[in-house]
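Text of model-v1.txt, listed as compact mmCIF, C-alpha atoms:
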# COMPACT_ATOMS: atom_id res chain seq x y z
CA MET A 17 21.70 148.67 90.58
CA ALA A 18 22.95 152.08 91.77
CA LYS A 19 23.59 152.40 95.48
CA VAL A 20 21.02 154.52 97.31
CA THR A 21 22.65 157.54 98.95
CA ARG A 22 21.68 160.00 101.62
CA ASP A 23 21.19 162.61 98.87
CA ASP A 24 18.54 160.35 97.29
CA VAL A 25 16.69 160.16 100.62
CA ALA A 26 16.87 163.93 101.04
CA ARG A 27 15.47 164.59 97.54
CA LEU A 28 12.56 162.20 98.02
CA ALA A 29 11.76 163.57 101.49
CA GLY A 30 12.10 167.16 100.33
CA THR A 31 14.68 168.09 102.93
CA SER A 32 18.43 168.49 103.37
CA THR A 33 20.99 165.75 103.84
CA ALA A 34 21.76 167.25 107.25
CA VAL A 35 18.19 166.62 108.39
CA VAL A 36 18.41 163.05 107.09
CA SER A 37 21.56 162.64 109.18
CA TYR A 38 19.80 164.00 112.27
CA VAL A 39 17.01 161.44 111.82
CA ILE A 40 19.37 158.52 111.25
CA ASN A 41 21.64 159.41 114.17
CA ASN A 42 18.87 160.61 116.48
CA GLY A 43 20.51 164.03 116.72
CA PRO A 44 22.40 166.14 117.49
CA ARG A 45 19.58 168.53 116.47
CA PRO A 46 15.86 167.87 116.86
CA VAL A 47 13.68 167.19 113.82
CA ALA A 48 9.98 168.07 113.58
CA PRO A 49 7.73 164.96 113.80
CA ALA A 50 6.22 165.46 110.34
CA THR A 51 9.66 165.88 108.75
CA ARG A 52 10.97 162.83 110.60
CA GLU A 53 8.07 160.76 109.22
CA ARG A 54 8.84 161.90 105.65
CA VAL A 55 12.49 160.97 106.04
CA LEU A 56 11.68 157.55 107.52
CA ALA A 57 9.16 156.89 104.73
CA ALA A 58 11.78 157.82 102.10
CA ILE A 59 14.36 155.54 103.75
CA LYS A 60 11.88 152.66 103.67
CA GLU A 61 10.79 153.29 100.09
CA LEU A 62 14.34 153.52 98.75
CA GLY A 63 15.74 150.75 100.95
CA TYR A 64 18.51 153.01 102.18
CA ARG A 65 21.13 151.53 104.52
CA PRO A 66 23.55 153.89 106.27
CA ASP A 67 27.24 153.30 105.56
CA ARG A 68 28.48 152.65 109.09
CA VAL A 69 32.09 152.38 107.96
CA ALA A 70 31.99 155.83 106.40
CA GLN A 71 30.27 157.21 109.49
CA ALA A 72 32.95 155.72 111.71
CA MET A 73 35.74 157.19 109.56
CA ALA A 74 34.12 160.62 109.70
CA SER A 75 33.48 160.58 113.43
CA ARG A 76 36.58 158.53 114.36
CA ARG A 77 34.23 156.37 116.44
CA THR A 78 32.25 153.21 115.69
CA ASP A 79 29.04 151.89 117.22
CA LEU A 80 31.13 149.22 118.92
CA ILE A 81 32.18 148.70 122.52
CA GLY A 82 35.14 146.44 123.14
CA MET A 83 35.08 144.12 126.14
CA ILE A 84 37.96 141.98 127.38
CA VAL A 85 37.27 139.16 129.86
CA PRO A 86 39.60 136.48 131.27
CA ASP A 87 37.55 133.50 130.06
CA ALA A 88 33.97 133.71 128.73
CA ARG A 89 33.60 129.95 129.22
CA GLN A 90 33.39 130.54 132.95
CA PRO A 91 29.75 131.23 133.87
CA PHE A 92 30.41 134.47 135.76
CA PHE A 93 32.25 136.12 132.88
CA GLY A 94 29.81 134.76 130.31
CA GLU A 95 26.87 136.18 132.26
CA MET A 96 28.64 139.50 132.76
CA ALA A 97 29.42 139.78 129.03
CA HIS A 98 25.78 139.03 128.21
CA ALA A 99 24.61 141.73 130.64
CA VAL A 100 26.98 144.24 129.03
CA GLU A 101 25.71 143.27 125.57
CA GLN A 102 22.10 143.89 126.63
CA ALA A 103 22.97 147.23 128.23
CA ALA A 104 24.89 148.29 125.13
CA ALA A 105 21.98 147.34 122.85
CA GLU A 106 19.76 149.72 124.84
CA ARG A 107 22.19 152.48 123.86
CA GLY A 108 22.32 151.41 120.19
CA LYS A 109 25.78 149.84 120.47
CA MET A 110 27.22 146.40 119.78
CA VAL A 111 29.86 144.59 121.82
CA LEU A 112 33.00 142.80 120.67
CA VAL A 113 34.32 140.32 123.27
CA GLY A 114 37.89 139.08 123.53
CA ASN A 115 39.25 136.45 125.95
CA SER A 116 42.59 137.20 127.59
CA ASP A 117 42.86 133.63 128.95
CA TYR A 118 44.46 135.16 132.07
CA ARG A 119 47.50 136.08 129.96
CA GLY A 120 48.93 139.57 129.87
CA GLU A 121 50.03 139.35 126.24
CA ARG A 122 46.52 138.34 125.13
CA GLU A 123 45.06 141.25 127.09
CA VAL A 124 47.41 143.68 125.32
CA HIS A 125 46.59 142.05 121.95
CA TYR A 126 42.89 142.77 122.36
CA LEU A 127 43.53 146.25 123.74
CA ARG A 128 45.45 147.12 120.59
CA ALA A 129 42.93 145.44 118.29
CA PHE A 130 39.82 147.04 119.80
CA LEU A 131 41.31 150.49 120.29
CA GLY A 132 42.69 150.33 116.74
CA MET A 133 39.12 149.76 115.54
CA ARG A 134 38.16 153.08 117.14
CA VAL A 135 35.57 151.51 119.40
CA SER A 136 33.32 153.97 121.25
CA GLY A 137 34.83 152.71 124.47
CA LEU A 138 36.40 149.73 126.17
CA ILE A 139 35.20 147.71 129.15
CA LEU A 140 38.08 145.82 130.69
CA VAL A 141 37.85 142.92 133.13
CA ALA A 142 41.57 142.93 133.87
CA GLN A 143 43.62 140.33 135.71
CA GLY A 144 46.27 141.57 138.07
CA PRO A 145 48.72 144.47 137.74
CA SER A 146 49.55 144.79 134.03
CA GLU A 147 52.03 147.57 133.36
CA ARG A 148 51.91 146.78 129.65
CA ALA A 149 48.13 147.12 129.60
CA ALA A 150 48.31 150.41 131.50
CA ALA A 151 50.89 151.77 129.04
CA GLU A 152 48.78 150.65 126.08
CA ILE A 153 45.68 152.36 127.46
CA ASP A 154 47.58 155.59 128.04
CA ALA A 155 48.79 155.59 124.43
CA TRP A 156 45.28 155.76 122.96
CA ASP A 157 42.56 158.39 122.93
CA ALA A 158 39.79 156.14 124.21
CA ARG A 159 37.35 155.75 127.06
CA VAL A 160 38.09 152.83 129.36
CA VAL A 161 36.02 151.49 132.25
CA LEU A 162 37.25 148.71 134.53
CA LEU A 163 34.58 146.18 135.49
CA HIS A 164 34.64 143.65 138.35
CA GLU A 165 38.34 144.15 139.05
CA ARG A 166 40.41 147.28 139.58
CA PRO A 167 44.15 146.62 139.13
CA GLU A 168 46.33 149.03 141.06
CA SER A 169 48.42 149.81 137.99
CA ILE A 170 45.46 150.92 135.85
CA ASP A 171 44.00 154.12 137.23
CA ASP A 172 40.64 154.44 135.47
CA VAL A 173 36.97 154.57 136.30
CA ALA A 174 35.86 151.25 137.82
CA VAL A 175 32.57 149.49 138.52
CA VAL A 176 32.89 146.84 141.23
CA THR A 177 30.90 145.05 143.91
CA ASP A 178 31.56 144.90 147.66
CA ASP A 179 33.73 141.80 147.50
CA VAL A 180 35.13 142.01 151.04
CA GLY A 181 31.73 142.63 152.64
CA GLY A 182 30.05 139.88 150.66
CA ALA A 183 32.66 137.31 151.67
CA GLN A 184 32.26 138.35 155.30
CA LEU A 185 28.50 137.77 155.03
CA ALA A 186 28.97 134.25 153.67
CA THR A 187 31.65 133.23 156.19
CA ARG A 188 29.71 134.63 159.16
CA HIS A 189 26.65 132.74 158.00
CA LEU A 190 28.54 129.45 157.91
CA LEU A 191 29.98 130.11 161.37
CA GLU A 192 26.50 130.88 162.70
CA HIS A 193 25.58 127.28 161.87
CA GLY A 194 27.90 126.26 164.72
CA HIS A 195 30.95 125.12 162.76
CA PRO A 196 34.21 125.43 164.69
CA TYR A 197 35.87 127.00 161.66
CA VAL A 198 35.43 127.62 157.94
CA ALA A 199 38.11 126.72 155.41
CA CYS A 200 38.59 128.89 152.33
CA LEU A 201 39.38 128.06 148.72
CA GLY A 202 41.09 131.21 147.45
CA GLY A 203 42.94 131.95 144.24
CA THR A 204 46.22 130.68 142.85
CA GLU A 205 48.45 133.65 143.63
CA ASP A 206 50.89 133.76 146.57
CA THR A 207 50.74 137.57 146.61
CA PRO A 208 47.42 138.61 145.04
CA SER A 209 47.18 142.10 143.60
CA VAL A 210 45.30 145.04 145.05
CA GLY A 211 41.80 145.27 143.60
CA ASP A 212 41.59 141.57 142.75
CA PRO A 213 38.08 140.28 143.64
CA VAL A 214 39.30 136.85 144.73
CA ALA A 215 41.88 138.44 147.02
CA ASP A 216 39.06 140.57 148.47
CA HIS A 217 36.94 137.45 149.00
CA VAL A 218 39.82 135.91 150.94
CA GLU A 219 40.19 139.11 152.95
CA GLY A 220 36.46 139.03 153.81
CA TRP A 221 36.84 135.42 154.98
CA ARG A 222 39.84 136.41 157.13
CA ARG A 223 37.94 139.26 158.75
CA ALA A 224 34.93 137.10 159.58
CA MET A 225 37.12 134.38 161.07
CA ARG A 226 39.08 136.87 163.19
CA GLU A 227 35.89 138.57 164.37
CA ALA A 228 34.71 135.16 165.58
CA GLY A 229 38.06 134.46 167.29
CA ARG A 230 38.87 131.53 164.98
CA PRO A 231 42.44 130.92 163.79
CA ILE A 232 43.04 130.97 160.03
CA GLU A 233 46.46 129.29 159.86
CA GLY A 234 46.39 126.23 157.62
CA ARG A 235 42.79 126.86 156.57
CA LEU A 236 43.34 128.81 153.36
CA PHE A 237 43.93 126.70 150.25
CA LYS A 238 45.13 127.89 146.87
CA ALA A 239 42.76 126.72 144.17
CA PRO A 240 42.20 127.36 140.45
CA TYR A 241 39.08 129.35 139.62
CA ASN A 242 37.43 126.73 137.41
CA ARG A 243 35.28 123.87 138.69
CA TYR A 244 37.30 121.09 137.08
CA ASP A 245 40.61 121.83 138.79
CA ALA A 246 38.80 122.83 142.01
CA TYR A 247 37.07 119.42 141.94
CA ARG A 248 40.42 117.62 141.75
CA LEU A 249 41.84 119.68 144.59
CA ALA A 250 38.71 119.10 146.70
CA LEU A 251 39.00 115.32 146.28
CA GLY A 252 42.29 115.43 148.17
CA LEU A 253 41.14 117.99 150.73
CA LEU A 254 37.91 116.21 151.60
CA SER A 255 39.35 112.69 151.71
CA GLY A 256 42.14 113.64 154.14
CA PRO A 257 42.07 113.23 157.93
CA ASP A 258 41.54 116.96 158.54
CA ARG A 259 38.44 117.40 156.44
CA PRO A 260 36.96 120.86 157.15
CA PRO A 261 33.39 121.09 158.46
CA ALA A 262 32.60 124.04 156.18
CA VAL A 263 34.16 125.64 153.11
CA PHE A 264 33.80 129.14 151.68
CA CYS A 265 34.82 129.25 148.01
CA ALA A 266 35.97 132.46 146.37
CA THR A 267 33.95 131.63 143.23
CA ASP A 268 30.82 129.61 142.52
CA ASP A 269 32.73 127.61 139.92
CA GLN A 270 35.07 126.40 142.67
CA ALA A 271 32.08 125.60 144.90
CA ILE A 272 30.46 123.56 142.13
CA GLY A 273 33.68 121.54 141.91
CA VAL A 274 33.63 121.02 145.70
CA LEU A 275 30.02 119.81 145.59
CA ARG A 276 30.93 117.31 142.87
CA ALA A 277 33.88 116.00 144.90
CA ALA A 278 31.71 115.66 148.03
CA ARG A 279 29.11 113.67 146.09
CA GLU A 280 31.79 111.37 144.71
CA LEU A 281 33.22 110.81 148.21
CA ARG A 282 29.68 110.26 149.58
CA ILE A 283 29.93 113.22 151.95
CA ASP A 284 26.53 114.61 152.73
CA VAL A 285 26.09 118.32 152.05
CA PRO A 286 25.26 120.14 154.26
CA ASP A 287 25.26 117.67 157.21
CA GLY A 288 28.81 116.43 156.58
CA LEU A 289 30.11 119.54 154.86
CA ALA A 290 28.64 123.02 154.52
CA VAL A 291 29.53 124.96 151.35
CA ALA A 292 29.12 128.56 150.22
CA GLY A 293 30.36 130.36 147.11
CA PHE A 294 30.51 133.81 145.58
CA ASP A 295 28.98 135.19 142.33
CA ASP A 296 25.47 133.63 142.21
CA VAL A 297 25.81 132.28 138.68
CA LYS A 298 22.61 130.79 137.30
CA GLU A 299 23.82 127.23 137.93
CA ALA A 300 24.09 127.94 141.67
CA GLY A 301 20.35 127.43 142.07
CA LEU A 302 20.46 124.10 140.21
CA THR A 303 23.26 122.29 142.05
CA ASP A 304 22.43 119.44 144.43
CA PRO A 305 21.92 120.80 146.99
CA PRO A 306 21.34 124.36 145.74
CA LEU A 307 24.34 126.56 146.53
CA THR A 308 24.36 129.31 149.13
CA THR A 309 26.31 132.17 147.59
CA VAL A 310 26.88 135.91 147.38
CA SER A 311 25.16 137.88 144.65
CA SER A 312 26.18 141.05 142.87
CA ASP A 313 23.77 143.03 140.71
CA ARG A 314 25.35 142.22 137.35
CA PRO A 315 22.68 143.94 135.19
CA ALA A 316 23.04 147.17 137.16
CA MET A 317 26.83 146.96 137.08
CA ALA A 318 26.77 146.33 133.32
CA ARG A 319 24.47 149.31 132.73
CA ALA A 320 26.71 151.51 134.87
CA ALA A 321 29.81 150.41 132.94
CA VAL A 322 28.17 151.03 129.56
CA ASP A 323 26.80 154.40 130.64
CA LEU A 324 30.21 155.44 131.94
CA VAL A 325 32.08 154.31 128.85
CA LEU A 326 29.67 156.21 126.58
CA ASP A 327 29.29 159.27 128.80
CA ASP A 328 30.88 162.41 127.35
CA GLY A 329 31.69 163.45 130.91
CA LEU A 330 33.99 160.47 131.41
CA ARG A 331 37.58 161.56 131.20
CA VAL A 332 39.54 160.51 128.16
CA VAL A 333 42.43 158.17 128.84
CA GLY A 334 45.66 160.11 128.81
CA ALA A 335 44.21 162.95 130.91
CA ARG A 336 45.95 161.83 134.09
CA ARG A 337 48.21 164.82 133.63
CA ASP A 338 45.18 166.92 134.53
CA GLY A 339 45.13 165.35 137.97
CA VAL A 340 41.91 163.38 137.40
CA TYR A 341 42.38 159.89 138.79
CA GLY A 342 40.29 156.78 138.93
CA ARG A 343 36.81 156.85 140.45
CA VAL A 344 35.15 153.72 141.78
CA ARG A 345 31.44 152.96 141.76
CA GLN A 346 30.76 150.13 144.21
CA PHE A 347 27.57 148.07 144.24
CA PRO A 348 26.47 146.18 147.37
CA SER A 349 26.66 142.40 147.73
CA ALA A 350 23.81 140.25 149.03
CA LEU A 351 23.83 136.80 150.64
CA ILE A 352 21.63 134.30 148.78
CA VAL A 353 20.74 131.52 151.21
CA ARG A 354 20.07 128.05 149.82
CA ARG A 355 20.50 124.53 151.25
CA SER A 356 24.24 123.91 150.87
CA CYS A 357 24.96 125.90 154.06
CA GLY A 358 22.50 123.94 156.20
CA CYS A 359 19.43 126.17 155.95
CA ALA A 360 16.13 124.52 155.15
Take the structure in this file and express it as structure tokens.
Amino acid sequence: MAKVTRDDVARLAGTSTAVVSYVINNGPRPVAPATRERVLAAIKELGYRPDRVAQAMASRRTDLIGMIVPDARQPFFGEMAHAVEQAAAERGKMVLVGNSDYRGEREVHYLRAFLGMRVSGLILVAQGPSERAAAEIDAWDARVVLLHERPESIDDVAVVTDDVGGAQLATRHLLEHGHPYVACLGGTEDTPSVGDPVADHVEGWRRAMREAGRPIEGRLFKAPYNRYDAYRLALGLLSGPDRPPAVFCATDDQAIGVLRAARELRIDVPDGLAVAGFDDVKEAGLTDPPLTTVSSDRPAMARAAVDLVLDDGLRVVGARRDGVYGRVRQFPSALIVRRSCGCA
């Protein structure tokens, strides 16, 4: 059976192939309603399917957005990727997701793969200062938006939340319950990079503790971001002689691990230990007790990132020579109070 072409659709609709293209692509020129209906009826009758590969070759762009995350198995990144996918669908785009596994070489691998596919744009949840990633981005003619994290070495448009302010809110709230101090589970790095959300969460905790006149020495603990390793670390921390009265965790996944360790050690939360996290993943409302945490507007951030990466006004990577440097769009954080902090 011969393949149906755009010429066939044009002949049946009694119009030009250019008009058929305008209908299929929703532009760039307007089409009269009656003509549009004839074209759509011809497409349906003939069973025409546009050749997206040919379109991509002609335009040097696909209907795809690439997205690189550290680990989609972690609830925060999984929920963020889902929000980006929904926002992209509203713009008629699909999303390809790659996991860097917190490894620079994997991040570069996906950068090359996605940019080589001529994606319409790339949304990058980067991890730390990656000179190789920055060099790779500069080598391609592509739109790149940083989401959630803004590494100092990559100078592109970024969509972030108020990480420092949100952490201050959570730590102040725990202190307002009368605890003499609040311990903090931070990240794993000795010298975290500028623009790293976990480092900003730790900075927010520091500021709140200093504002309250509480010392921070010996009260910051390095911890992996996932709940499983955080659980193992918390078993040792909570069973020791200097068990903290309250803990602020840089991620909800860490906090979920702390809650599990407290249950296993038969420590009552919140009477024996108050806990707060950051991210407000969906599971935070289902823990026992429900987790007090800091929320960011992920759907709004995802829409902003997709709009920016598809916006013709967004500078093309490689234009730093023109003196146009990274712009940051920051969304506010909000404290979500539940029972793990001691509130009814």
Residues near A:Leu62, anyone? I mean within 8 Å using only C-alpha atoms, not counting same-chain ones fewer than 2 positions away, as a JSON list (two decimals) with C-alpha atoms, keeping the file's coordinate frame.
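Done, and the output landed in part.json:
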[["chain", "number", "residue", "atom", "x", "y", "z"],
["A", 20, "VAL", "CA", 21.02, 154.52, 97.31],
["A", 25, "VAL", "CA", 16.69, 160.16, 100.62],
["A", 58, "ALA", "CA", 11.78, 157.82, 102.10],
["A", 59, "ILE", "CA", 14.36, 155.54, 103.75],
["A", 60, "LYS", "CA", 11.88, 152.66, 103.67],
["A", 64, "TYR", "CA", 18.51, 153.01, 102.18]]
Please identify all polymer residues within 10 Å of A:Ala104, counting all atoms listed in the file, omitting same-chain residues fewer than 6 positions from it, and present them as a VMD selection string. chain A and resid 79 to 81 98 110 to 111 318 to 319 321 to 323 326
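Minimum atom-to-atom distance to A:Ala316, evaluated using all atoms listed in the file, belongs to A:Phe347 out of A:Phe347, A:Phe92, A:Tyr126, A:Phe237.
Proximity of A:Glu152, A:Glu53, A:Asp178, A:Glu123 to A:Met317, computed with all atoms listed in the file, is greatest for A:Asp178.
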For A:Asp258, list every protein, DNA or RNA residue within 12 Å, evaluated using all atoms listed in the file, and leave out those in the same chain fewer than 2 positions away; present the list as an MDAnalysis selection string.
chainID A and resid 197 199 234:235 252:256 260:262
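Nearest to A:Glu95 of all the residues A:Thr78, A:Gln346, A:Ser116, A:Ser312 is A:Ser312, based on all atoms listed in the file.
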field: Residues within 9 Å of (35.7, 113.6, 146.4), counting only C-alpha atoms, listed as a list in words
entry: Tyr247, Arg248, Leu249, Ala250, Leu251, Gly252, Leu253, Leu254, Ser255, Val274, Leu275, Arg276, Ala277, Ala278, Arg279, Glu280, Leu281, Arg282 and Ile283 of chain A
Judged by all atoms listed in the file, the minimum distance to A:Thr187 among A:Trp221, A:Phe130, A:Tyr241, A:Tyr118 is found for A:Trp221
Separating atom CA of A:Arg159 from atom CA of A:Glu101, to the nearest tenth of an Å, is a gap of 17.1 Å
Across A:Ala174, A:Arg314, A:Ala228, A:Ala292, the smallest distance to A:Arg343, with all atoms listed in the file counted, is shown by A:Ala174
